[in-house]
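query06.txt, holding compact mmCIF, C-alpha atoms (C1' of nucleotides):
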# COMPACT_ATOMS: atom_id res chain seq x y z
CA MET A 1 78.90 125.16 67.47
CA VAL A 2 76.33 122.91 65.89
CA THR A 3 73.96 123.98 63.18
CA ALA A 4 70.66 122.30 62.38
CA TRP A 5 68.70 122.74 59.19
CA ILE A 6 65.01 122.57 58.51
CA PRO A 7 63.65 122.05 54.99
CA HIS A 8 61.82 124.86 53.20
CA TYR A 9 63.60 127.35 55.36
CA CYS A 10 67.16 126.90 54.26
CA GLY A 11 68.67 128.89 57.07
CA PRO A 12 70.26 127.89 60.32
CA VAL A 13 67.86 127.43 63.17
CA ALA A 14 68.86 128.27 66.68
CA LYS A 15 69.61 125.49 69.09
CA PRO A 16 69.51 126.02 72.82
CA LEU A 17 72.74 127.65 73.90
CA ASP A 18 75.05 125.58 76.03
CA PRO A 19 75.48 127.00 79.54
CA GLU A 20 79.01 125.62 79.59
CA MET A 21 79.83 127.17 76.25
CA PHE A 22 82.29 129.64 77.68
CA ASP A 23 83.49 128.01 80.85
CA PRO A 24 86.71 129.60 82.06
CA LEU A 25 88.88 126.79 80.72
CA CYS A 26 87.71 126.70 77.12
CA PRO A 27 90.12 127.94 74.45
CA SER A 28 87.98 130.99 73.83
CA GLU A 29 88.81 132.05 77.34
CA LEU A 30 92.45 131.09 77.37
CA MET A 31 93.37 132.74 74.12
CA PRO A 32 94.85 136.18 74.53
CA ILE A 33 92.66 137.49 71.74
CA ARG A 34 89.73 139.73 72.35
CA VAL A 35 87.19 141.36 70.11
CA GLY A 36 86.10 144.65 71.58
CA ASP A 37 85.28 144.23 75.25
CA LYS A 38 85.39 141.11 77.35
CA TRP A 39 82.07 139.74 76.14
CA ALA A 40 81.78 140.90 72.54
CA GLY A 41 83.52 137.90 71.00
CA MET A 42 81.45 135.46 72.99
CA ILE A 43 78.24 137.25 72.15
CA ILE A 44 79.03 137.11 68.46
CA GLN A 45 79.67 133.41 68.71
CA CYS A 46 76.38 132.95 70.53
CA LEU A 47 74.60 134.58 67.62
CA GLU A 48 76.21 132.36 65.03
CA ASP A 49 73.22 130.06 64.64
CA GLY A 50 70.59 132.73 64.45
CA PRO A 51 68.91 135.55 66.36
CA ARG A 52 68.74 135.34 70.13
CA ARG A 53 66.87 137.06 72.86
CA PHE A 54 68.35 139.02 75.70
CA SER A 55 67.64 136.47 78.40
CA GLU A 56 68.75 133.66 76.15
CA LEU A 57 72.16 135.21 75.86
CA ARG A 58 72.70 135.48 79.57
CA VAL A 59 72.83 131.72 80.11
CA PRO A 60 75.97 130.78 78.18
CA LEU A 61 77.64 133.99 79.23
CA ARG A 62 77.86 132.76 82.82
CA ASN A 63 74.73 134.67 83.80
CA ILE A 64 76.30 137.97 82.94
CA THR A 65 74.54 140.78 84.74
CA PRO A 66 71.98 142.63 82.63
CA LYS A 67 73.82 145.90 82.92
CA VAL A 68 77.00 144.54 81.45
CA LEU A 69 75.22 142.59 78.73
CA THR A 70 73.22 145.65 77.75
CA LYS A 71 76.31 147.75 77.48
CA SER A 72 78.14 145.22 75.38
CA LEU A 73 75.14 144.74 73.10
CA ARG A 74 74.71 148.48 72.63
CA THR A 75 78.33 148.83 71.65
CA LEU A 76 78.05 145.99 69.16
CA GLU A 77 74.92 147.58 67.76
CA ARG A 78 76.56 150.98 67.52
CA ASP A 79 79.43 149.48 65.56
CA ALA A 80 77.05 147.68 63.20
CA PHE A 81 77.95 144.15 64.20
CA ILE A 82 74.45 143.30 65.36
CA VAL A 83 70.93 144.61 64.93
CA ARG A 84 68.32 144.88 67.64
CA THR A 85 64.69 144.22 66.81
CA ILE A 86 61.68 144.58 69.05
CA HIS A 87 58.84 142.19 68.34
CA ALA A 88 55.62 143.29 69.96
CA GLY A 89 53.62 140.50 71.51
CA PRO A 90 52.07 139.17 74.70
CA SER A 91 55.40 139.37 76.47
CA ARG A 92 57.97 141.82 75.26
CA GLN A 93 60.52 140.28 72.94
CA VAL A 94 63.81 141.69 71.75
CA GLN A 95 65.97 139.89 69.23
CA TYR A 96 69.63 140.35 68.54
CA GLU A 97 71.04 139.22 65.24
CA LEU A 98 74.34 139.44 63.44
CA THR A 99 74.71 141.78 60.50
CA SER A 100 76.82 140.71 57.56
CA LEU A 101 79.65 142.70 59.09
CA GLY A 102 79.24 140.88 62.38
CA ARG A 103 79.02 137.59 60.57
CA SER A 104 82.27 138.31 58.81
CA LEU A 105 83.94 138.36 62.20
CA LEU A 106 83.09 134.73 62.80
CA GLU A 107 85.91 133.54 60.58
CA LEU A 108 88.37 135.58 62.51
CA LEU A 109 87.06 134.29 65.81
CA ASP A 110 87.32 130.75 64.51
CA ALA A 111 90.89 131.38 63.46
CA ALA A 112 91.68 132.74 66.88
CA ARG A 113 90.07 129.78 68.58
CA ALA A 114 91.97 127.41 66.31
CA TRP A 115 95.20 129.17 67.19
CA ALA A 116 94.47 128.81 70.89
CA GLU A 117 93.61 125.15 70.52
CA THR A 118 96.81 124.51 68.62
CA HIS A 119 98.95 126.20 71.21
CA LEU A 120 96.96 125.29 74.27
CA GLU A 121 99.72 123.18 75.76
CA GLU A 122 102.34 125.88 75.33
CA LEU A 123 100.00 128.45 76.80
CA ILE A 124 99.31 126.36 79.87
CA ASP A 125 102.98 125.47 80.29
CA ALA A 126 103.96 129.12 80.21
CA ARG A 127 101.27 129.97 82.70
CA GLU A 128 102.35 127.21 85.06
CA ALA A 129 106.00 128.16 84.77
CA ALA A 130 105.07 131.73 85.64
CA ILE A 131 103.19 130.57 88.70
CA ALA A 132 106.10 128.40 89.77
CA ARG A 133 108.50 131.31 89.34
CA ALA A 134 106.25 133.61 91.33
CA SER A 135 105.94 131.21 94.24
CA ARG A 136 109.71 130.71 94.29
CA THR A 137 110.25 134.46 94.57
CA SER A 138 107.85 134.98 97.41
CA MET B 139 105.87 145.56 57.22
CA VAL B 140 108.79 145.23 54.87
CA THR B 141 111.42 142.57 55.20
CA ALA B 142 114.93 142.81 53.83
CA TRP B 143 117.26 139.87 53.37
CA ILE B 144 120.99 139.65 53.48
CA PRO B 145 122.86 136.74 51.90
CA HIS B 146 124.62 134.20 54.13
CA TYR B 147 122.36 135.18 56.97
CA CYS B 148 119.00 134.07 55.65
CA GLY B 149 116.99 135.79 58.34
CA PRO B 150 115.05 138.99 58.37
CA VAL B 151 117.01 142.05 59.35
CA ALA B 152 115.43 144.83 61.31
CA LYS B 153 114.57 148.06 59.56
CA PRO B 154 113.97 151.26 61.47
CA LEU B 155 110.46 151.25 62.85
CA ASP B 156 108.02 153.69 61.37
CA PRO B 157 106.87 156.29 63.88
CA GLU B 158 103.52 156.41 62.10
CA MET B 159 103.17 152.68 62.17
CA PHE B 160 100.24 152.72 64.54
CA ASP B 161 98.65 156.08 64.02
CA PRO B 162 95.09 156.10 65.30
CA LEU B 163 93.56 155.63 61.87
CA CYS B 164 95.49 152.58 60.71
CA PRO B 165 93.56 149.32 60.44
CA SER B 166 95.43 147.89 63.41
CA GLU B 167 93.79 150.53 65.51
CA LEU B 168 90.35 150.34 63.97
CA MET B 169 90.02 146.62 64.17
CA PRO B 170 88.08 145.48 67.18
CA ILE B 171 90.57 142.70 67.85
CA ARG B 172 93.04 142.83 70.65
CA VAL B 173 95.75 140.50 71.79
CA GLY B 174 96.19 140.75 75.52
CA ASP B 175 96.37 144.35 76.63
CA LYS B 176 96.15 147.48 74.55
CA TRP B 177 99.74 147.37 73.32
CA ALA B 178 100.59 143.67 73.07
CA GLY B 179 99.45 143.22 69.49
CA MET B 180 101.34 146.28 68.32
CA ILE B 181 104.48 145.23 70.15
CA ILE B 182 104.39 141.81 68.54
CA GLN B 183 104.06 143.39 65.13
CA CYS B 184 106.99 145.67 65.91
CA LEU B 185 109.11 142.60 66.61
CA GLU B 186 108.21 140.92 63.36
CA ASP B 187 111.44 141.85 61.58
CA GLY B 188 113.78 140.95 64.39
CA PRO B 189 114.81 141.86 67.92
CA ARG B 190 114.29 145.41 69.14
CA ARG B 191 115.47 147.48 72.01
CA PHE B 192 113.31 149.12 74.64
CA SER B 193 113.75 152.66 73.40
CA GLU B 194 113.35 151.55 69.81
CA LEU B 195 109.92 150.21 70.60
CA ARG B 196 108.69 153.42 72.14
CA VAL B 197 108.83 155.34 68.88
CA PRO B 198 106.20 153.54 66.81
CA LEU B 199 104.05 153.03 69.89
CA ARG B 200 103.30 156.74 70.06
CA ASN B 201 105.96 157.34 72.68
CA ILE B 202 104.29 155.06 75.13
CA THR B 203 105.43 155.82 78.66
CA PRO B 204 108.16 153.52 79.96
CA LYS B 205 106.01 152.21 82.77
CA VAL B 206 103.29 151.01 80.46
CA LEU B 207 105.72 149.55 77.95
CA THR B 208 107.56 147.71 80.69
CA LYS B 209 104.41 146.21 82.04
CA SER B 210 103.23 145.05 78.66
CA LEU B 211 106.63 143.56 77.84
CA ARG B 212 106.79 141.73 81.16
CA THR B 213 103.39 140.21 80.55
CA LEU B 214 104.38 139.10 77.07
CA GLU B 215 107.54 137.60 78.50
CA ARG B 216 105.65 135.84 81.26
CA ASP B 217 103.33 134.28 78.72
CA ALA B 218 106.27 133.15 76.57
CA PHE B 219 105.53 135.34 73.56
CA ILE B 220 108.84 137.18 73.76
CA VAL B 221 112.24 136.76 75.36
CA ARG B 222 114.26 139.46 77.03
CA THR B 223 118.03 139.46 76.68
CA ILE B 224 120.54 141.77 78.30
CA HIS B 225 123.66 142.45 76.28
CA ALA B 226 126.38 143.92 78.44
CA GLY B 227 128.33 146.72 76.82
CA PRO B 228 129.35 150.36 77.05
CA SER B 229 125.76 151.44 77.33
CA ARG B 230 123.23 149.00 78.69
CA GLN B 231 121.34 147.17 75.99
CA VAL B 232 118.21 145.08 76.33
CA GLN B 233 116.75 143.19 73.41
CA TYR B 234 113.25 141.88 73.00
CA GLU B 235 112.57 139.11 70.53
CA LEU B 236 109.65 136.94 69.53
CA THR B 237 109.58 133.31 70.55
CA SER B 238 108.14 130.77 68.14
CA LEU B 239 104.90 131.03 70.08
CA GLY B 240 104.91 134.78 69.70
CA ARG B 241 105.76 134.45 66.05
CA SER B 242 102.82 132.14 65.53
CA LEU B 243 100.58 135.02 66.57
CA LEU B 244 101.69 137.08 63.60
CA GLU B 245 99.46 135.15 61.20
CA LEU B 246 96.49 135.84 63.36
CA LEU B 247 97.35 139.50 63.60
CA ASP B 248 97.75 139.65 59.86
CA ALA B 249 94.37 138.01 59.41
CA ALA B 250 92.84 140.55 61.76
CA ARG B 251 94.49 143.41 59.96
CA ALA B 252 93.32 142.04 56.63
CA TRP B 253 89.80 141.80 57.99
CA ALA B 254 89.93 145.40 59.12
CA GLU B 255 91.27 146.57 55.79
CA THR B 256 88.55 144.72 53.94
CA HIS B 257 85.80 146.22 56.08
CA LEU B 258 87.39 149.57 56.69
CA GLU B 259 84.68 151.49 54.89
CA GLU B 260 81.88 149.77 56.77
CA LEU B 261 83.67 150.35 60.05
CA ILE B 262 84.11 154.03 59.41
CA ASP B 263 80.56 154.42 58.16
CA ALA B 264 79.20 152.81 61.31
CA ARG B 265 81.38 155.01 63.45
CA GLU B 266 80.27 158.16 61.64
CA ALA B 267 76.64 157.18 61.79
CA ALA B 268 76.98 156.65 65.53
CA ILE B 269 78.52 160.08 65.93
CA ALA B 270 75.75 161.65 63.87
CA ARG B 271 73.12 159.88 65.95
CA ALA B 272 74.76 161.00 69.17
CA SER B 273 74.90 164.62 68.13
CA ARG B 274 71.26 164.52 67.08
CA THR B 275 70.25 163.24 70.49
CA SER B 276 72.14 165.84 72.44
C1' DC C 277 119.77 153.37 78.36
C1' DA C 278 116.23 150.95 80.55
C1' DG C 279 113.64 151.25 83.61
C1' DG C 280 111.31 152.16 88.78
C1' DA C 281 108.30 155.13 91.97
C1' DT C 282 104.43 157.85 92.65
C1' DC C 283 100.10 159.78 91.82
C1' DC C 284 95.94 160.17 89.40
C1' DT C 285 91.91 159.45 86.22
C1' DT C 286 89.10 156.63 83.82
C1' DA C 287 87.18 152.30 82.12
C1' DC C 288 85.62 147.86 83.01
C1' DC C 289 83.19 144.73 85.38
C1' DG C 290 80.20 142.98 88.91
C1' DA C 291 76.34 142.65 92.69
C1' DT C 292 71.96 144.07 94.12
C1' DA C 293 67.70 146.13 93.73
C1' DC C 294 64.04 148.14 91.11
C1' DT C 295 60.73 149.17 86.81
C1' DG C 296 57.69 149.74 82.34
C1' DC D 297 60.83 140.14 79.69
C1' DA D 298 64.26 143.41 79.00
C1' DG D 299 66.15 146.23 80.78
C1' DT D 300 67.71 150.91 84.50
C1' DA D 301 69.58 152.74 88.70
C1' DT D 302 72.91 152.75 92.17
C1' DC D 303 77.01 151.47 94.37
C1' DG D 304 81.50 149.67 94.62
C1' DG D 305 85.98 147.25 93.65
C1' DT D 306 89.79 146.55 90.58
C1' DA D 307 92.71 147.28 86.98
C1' DA D 308 94.26 149.69 82.94
C1' DG D 309 96.41 153.46 81.27
C1' DG D 310 98.87 157.75 81.54
C1' DA D 311 101.84 162.04 83.40
C1' DT D 312 105.71 163.29 85.78
C1' DC D 313 109.81 162.73 88.05
C1' DC D 314 113.67 159.95 89.57
C1' DT D 315 117.75 156.29 89.30
C1' DG D 316 121.51 152.45 88.69

In structure tokens, write the structure found in this file.
Amino acid sequence: MVTAWIPHYCGPVAKPLDPEMFDPLCPSELMPIRVGDKWAGMIIQCLEDGPRRFSELRVPLRNITPKVLTKSLRTLERDAFIVRTIHAGPSRQVQYELTSLGRSLLELLDAARAWAETHLEELIDAREAAIARASRTS
Amino acid sequence: MVTAWIPHYCGPVAKPLDPEMFDPLCPSELMPIRVGDKWAGMIIQCLEDGPRRFSELRVPLRNITPKVLTKSLRTLERDAFIVRTIHAGPSRQVQYELTSLGRSLLELLDAARAWAETHLEELIDAREAAIARASRTS
DNA sequence: CAGGATCCTTACCGATACTG
DNA sequence: CAGTATCGGTAAGGATCCTG
């Protein structure tokens, strides 16, 4: 994930999230590691560069349905990994942001992703061998 | 997990598994990280010190029912994290052992456990606050 | 001993439609 | 915009009993 910096702010500024960020073939998807529910790990990674809005999050998460996203976000909020802030304005605006606890999970997620990238070939080989075995049995 | 060494063998030797190894309050349970299904991570950690038998594994895994253990083991075998060996003998004996791929997951699991231990207090606080909030609402 | 068979309950996840 | 409401399918997990 790329981080951009602006002077006199000295914090990461959010870049548009990549719709292909979590396509089904990326290591984040292939690794057998999960944080919380299916989406929690991906959500946390989406928040790495700064706060995001509800509808902004849906894009990289393969247009996750609002119900599922809401549930996952509420769980993350309950467990103190993110905070939810409502900014009043012309159009309603809700921001989700990592807490320090949530941020501390990023390292772990990076480690998991690194593991998956390292062993990607083995993982795919095993999967293909399993498929071959299954088709031979049937 | 403790490792004992015997000379002229130079490999870890299995110690009896602790029945309380994965009690519901240990960091392995509190951490929001999972490898594969609910039991996979715990099984892998049980195999850290060497091969184990089916019935041996059930003890630390809170007397998991055989059906569930079998399914989890088969999945781990399919994905090349463990190997299953049948040793013929007076009474049937089946051993489960980590592959190098499975073994490589141990670091990640250790990192996850370390994370959970570091943030244990925050995790419990968040959980308790959530419970308090819930009871106030009802 | 190492499981398989059966039944059941719940959780997860998704699609669609609707609302303050 | 940020959700709720409703419905439905699938899979995970577990209890109990049975078997080569």

Using only C-alpha atoms (C1' of nucleotides), which protein or nucleic acid residues come within 10 Å of range 279-294 of chain C? Drop anything in the same chain fewer than 6 positions from it, and give the result as a list in words.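 The residues that qualify are Asp37, Lys38, Ile64, Thr65, Lys67 and Val68 of chain A; Phe192, Pro204, Lys205, Leu207 and Thr208 of chain B; DT300, DA301, DT302, DC303, DG304, DG305, DT306, DA307, DA308, DG309, DG310, DA311, DT312, DC313, DC314, DT315 and DG316 of chain D.
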
Using all C-alpha atoms paired in order, least-squares fit chain B onto chain A and give me the moved copy as a JSON list (two decimals) with C-alpha atoms, keeping the file's coordinate frame.
[["chain", "number", "residue", "atom", "x", "y", "z"],
["B", 139, "MET", "CA", 78.98, 125.20, 67.54],
["B", 140, "VAL", "CA", 76.54, 122.86, 65.89],
["B", 141, "THR", "CA", 74.22, 123.91, 63.13],
["B", 142, "ALA", "CA", 70.97, 122.19, 62.26],
["B", 143, "TRP", "CA", 69.11, 122.65, 59.00],
["B", 144, "ILE", "CA", 65.46, 122.44, 58.21],
["B", 145, "PRO", "CA", 64.22, 121.91, 54.65],
["B", 146, "HIS", "CA", 62.43, 124.75, 52.84],
["B", 147, "TYR", "CA", 64.08, 127.21, 55.15],
["B", 148, "CYS", "CA", 67.71, 126.78, 54.22],
["B", 149, "GLY", "CA", 69.05, 128.80, 57.12],
["B", 150, "PRO", "CA", 70.57, 127.81, 60.39],
["B", 151, "VAL", "CA", 68.13, 127.33, 63.22],
["B", 152, "ALA", "CA", 69.04, 128.22, 66.74],
["B", 153, "LYS", "CA", 69.78, 125.47, 69.21],
["B", 154, "PRO", "CA", 69.69, 126.06, 72.94],
["B", 155, "LEU", "CA", 72.91, 127.70, 74.03],
["B", 156, "ASP", "CA", 75.25, 125.66, 76.14],
["B", 157, "PRO", "CA", 75.67, 127.09, 79.62],
["B", 158, "GLU", "CA", 79.23, 125.76, 79.65],
["B", 159, "MET", "CA", 79.99, 127.29, 76.32],
["B", 160, "PHE", "CA", 82.48, 129.76, 77.72],
["B", 161, "ASP", "CA", 83.73, 128.16, 80.87],
["B", 162, "PRO", "CA", 87.01, 129.70, 81.96],
["B", 163, "LEU", "CA", 89.11, 126.90, 80.54],
["B", 164, "CYS", "CA", 87.77, 126.80, 77.00],
["B", 165, "PRO", "CA", 90.08, 128.01, 74.24],
["B", 166, "SER", "CA", 87.94, 131.08, 73.69],
["B", 167, "GLU", "CA", 88.90, 132.17, 77.15],
["B", 168, "LEU", "CA", 92.54, 131.19, 77.00],
["B", 169, "MET", "CA", 93.27, 132.84, 73.72],
["B", 170, "PRO", "CA", 94.82, 136.24, 74.10],
["B", 171, "ILE", "CA", 92.59, 137.66, 71.38],
["B", 172, "ARG", "CA", 89.71, 139.92, 72.09],
["B", 173, "VAL", "CA", 87.14, 141.57, 69.92],
["B", 174, "GLY", "CA", 86.08, 144.85, 71.43],
["B", 175, "ASP", "CA", 85.30, 144.47, 75.10],
["B", 176, "LYS", "CA", 85.49, 141.39, 77.25],
["B", 177, "TRP", "CA", 82.18, 139.92, 76.09],
["B", 178, "ALA", "CA", 81.82, 141.02, 72.47],
["B", 179, "GLY", "CA", 83.57, 138.03, 70.95],
["B", 180, "MET", "CA", 81.54, 135.58, 73.00],
["B", 181, "ILE", "CA", 78.30, 137.33, 72.18],
["B", 182, "ILE", "CA", 79.04, 137.18, 68.47],
["B", 183, "GLN", "CA", 79.73, 133.48, 68.74],
["B", 184, "CYS", "CA", 76.47, 133.01, 70.61],
["B", 185, "LEU", "CA", 74.64, 134.61, 67.70],
["B", 186, "GLU", "CA", 76.24, 132.36, 65.13],
["B", 187, "ASP", "CA", 73.25, 130.03, 64.79],
["B", 188, "GLY", "CA", 70.61, 132.71, 64.59],
["B", 189, "PRO", "CA", 68.93, 135.49, 66.53],
["B", 190, "ARG", "CA", 68.82, 135.31, 70.31],
["B", 191, "ARG", "CA", 66.96, 137.02, 73.05],
["B", 192, "PHE", "CA", 68.46, 139.03, 75.88],
["B", 193, "SER", "CA", 67.82, 136.49, 78.59],
["B", 194, "GLU", "CA", 68.92, 133.67, 76.34],
["B", 195, "LEU", "CA", 72.31, 135.26, 75.98],
["B", 196, "ARG", "CA", 72.89, 135.58, 79.69],
["B", 197, "VAL", "CA", 73.05, 131.83, 80.24],
["B", 198, "PRO", "CA", 76.18, 130.90, 78.28],
["B", 199, "LEU", "CA", 77.85, 134.15, 79.30],
["B", 200, "ARG", "CA", 78.12, 132.96, 82.89],
["B", 201, "ASN", "CA", 75.02, 134.86, 83.94],
["B", 202, "ILE", "CA", 76.53, 138.15, 83.02],
["B", 203, "THR", "CA", 74.75, 140.98, 84.81],
["B", 204, "PRO", "CA", 72.14, 142.77, 82.71],
["B", 205, "LYS", "CA", 73.94, 146.08, 82.90],
["B", 206, "VAL", "CA", 77.12, 144.70, 81.42],
["B", 207, "LEU", "CA", 75.32, 142.70, 78.76],
["B", 208, "THR", "CA", 73.29, 145.73, 77.76],
["B", 209, "LYS", "CA", 76.33, 147.88, 77.41],
["B", 210, "SER", "CA", 78.17, 145.34, 75.32],
["B", 211, "LEU", "CA", 75.14, 144.80, 73.08],
["B", 212, "ARG", "CA", 74.67, 148.54, 72.58],
["B", 213, "THR", "CA", 78.27, 148.92, 71.54],
["B", 214, "LEU", "CA", 77.99, 146.04, 69.09],
["B", 215, "GLU", "CA", 74.84, 147.60, 67.70],
["B", 216, "ARG", "CA", 76.46, 151.01, 67.41],
["B", 217, "ASP", "CA", 79.32, 149.52, 65.45],
["B", 218, "ALA", "CA", 76.92, 147.67, 63.14],
["B", 219, "PHE", "CA", 77.87, 144.14, 64.18],
["B", 220, "ILE", "CA", 74.38, 143.27, 65.38],
["B", 221, "VAL", "CA", 70.84, 144.55, 65.00],
["B", 222, "ARG", "CA", 68.28, 144.83, 67.74],
["B", 223, "THR", "CA", 64.64, 144.11, 66.97],
["B", 224, "ILE", "CA", 61.65, 144.45, 69.25],
["B", 225, "HIS", "CA", 58.84, 142.01, 68.61],
["B", 226, "ALA", "CA", 55.65, 143.14, 70.28],
["B", 227, "GLY", "CA", 53.67, 140.37, 71.93],
["B", 228, "PRO", "CA", 52.21, 139.08, 75.17],
["B", 229, "SER", "CA", 55.56, 139.30, 76.87],
["B", 230, "ARG", "CA", 58.10, 141.75, 75.56],
["B", 231, "GLN", "CA", 60.60, 140.17, 73.22],
["B", 232, "VAL", "CA", 63.86, 141.62, 71.96],
["B", 233, "GLN", "CA", 65.98, 139.82, 69.42],
["B", 234, "TYR", "CA", 69.63, 140.31, 68.66],
["B", 235, "GLU", "CA", 71.02, 139.18, 65.34],
["B", 236, "LEU", "CA", 74.30, 139.40, 63.48],
["B", 237, "THR", "CA", 74.63, 141.74, 60.54],
["B", 238, "SER", "CA", 76.73, 140.65, 57.58],
["B", 239, "LEU", "CA", 79.56, 142.67, 59.07],
["B", 240, "GLY", "CA", 79.17, 140.88, 62.37],
["B", 241, "ARG", "CA", 78.96, 137.57, 60.59],
["B", 242, "SER", "CA", 82.20, 138.29, 58.79],
["B", 243, "LEU", "CA", 83.89, 138.37, 62.18],
["B", 244, "LEU", "CA", 83.04, 134.74, 62.80],
["B", 245, "GLU", "CA", 85.84, 133.52, 60.54],
["B", 246, "LEU", "CA", 88.32, 135.55, 62.46],
["B", 247, "LEU", "CA", 87.01, 134.27, 65.75],
["B", 248, "ASP", "CA", 87.20, 130.74, 64.46],
["B", 249, "ALA", "CA", 90.78, 131.31, 63.37],
["B", 250, "ALA", "CA", 91.60, 132.66, 66.81],
["B", 251, "ARG", "CA", 89.94, 129.73, 68.50],
["B", 252, "ALA", "CA", 91.79, 127.33, 66.23],
["B", 253, "TRP", "CA", 95.04, 129.04, 67.10],
["B", 254, "ALA", "CA", 94.31, 128.68, 70.78],
["B", 255, "GLU", "CA", 93.40, 125.03, 70.42],
["B", 256, "THR", "CA", 96.58, 124.33, 68.51],
["B", 257, "HIS", "CA", 98.75, 126.01, 71.13],
["B", 258, "LEU", "CA", 96.71, 125.12, 74.15],
["B", 259, "GLU", "CA", 99.43, 123.02, 75.71],
["B", 260, "GLU", "CA", 102.07, 125.69, 75.30],
["B", 261, "LEU", "CA", 99.72, 128.29, 76.72],
["B", 262, "ILE", "CA", 98.96, 126.25, 79.78],
["B", 263, "ASP", "CA", 102.59, 125.33, 80.28],
["B", 264, "ALA", "CA", 103.61, 128.98, 80.18],
["B", 265, "ARG", "CA", 100.87, 129.87, 82.61],
["B", 266, "GLU", "CA", 101.88, 127.12, 85.03],
["B", 267, "ALA", "CA", 105.53, 128.01, 84.80],
["B", 268, "ALA", "CA", 104.65, 131.61, 85.61],
["B", 269, "ILE", "CA", 102.68, 130.50, 88.64],
["B", 270, "ALA", "CA", 105.54, 128.30, 89.80],
["B", 271, "ARG", "CA", 107.99, 131.16, 89.38],
["B", 272, "ALA", "CA", 105.73, 133.52, 91.30],
["B", 273, "SER", "CA", 105.34, 131.16, 94.21],
["B", 274, "ARG", "CA", 109.09, 130.62, 94.35],
["B", 275, "THR", "CA", 109.68, 134.34, 94.59],
["B", 276, "SER", "CA", 107.21, 134.94, 97.36]]

Write out as number ranges by chain which residues come within 8 Å of range 93-101 of chain A when counting all atoms listed in the file, dropping same-chain ones fewer than 3 positions away. A: 44, 47-48, 50-54, 80-89, 104-105; B: 257, 260; D: 297-298

CA of Gly179 in chain B to CA of Ala134 in chain A, straight-line distance in Å: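 Spanning CA of Ala134 in chain A to CA of Gly179 in chain B is a straight-line distance of 24.8 Å.
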
CA of Asp161 in chain B and CA of Arg113 in chain A, how far apart in Å?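 Here the two named atoms are 28.0 Å from each other.
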
Listing only residues of chain B within 6 Å of chain A, what is the closest atom pair and its distance in Å (to one decimal) for each, using all atoms listed in the file, sorted by chain and residue number ascending, as a Markdown table?
| residue | atom | partner | partner_atom | distance |
| --- | --- | --- | --- | --- |
| B:Pro170 | CA | A:Gly36 | CA | 4.9 |
| B:Ile171 | CA | A:Val35 | CA | 4.3 |
| B:Arg172 | CA | A:Arg34 | CA | 4.8 |
| B:Val173 | CA | A:Ile33 | CA | 4.3 |
| B:Gly174 | CA | A:Pro32 | CA | 4.9 |
| B:Asp217 | CA | A:Ala126 | CA | 5.4 |
| B:Ala218 | CA | A:Ala126 | CA | 5.9 |
| B:Ala264 | CA | A:Asp79 | CA | 5.4 |

Any idea what the distance is between CA of Glu255 in chain B and CA of Glu194 in chain B?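 Rounded to one decimal, the two atoms are 26.6 Å apart.
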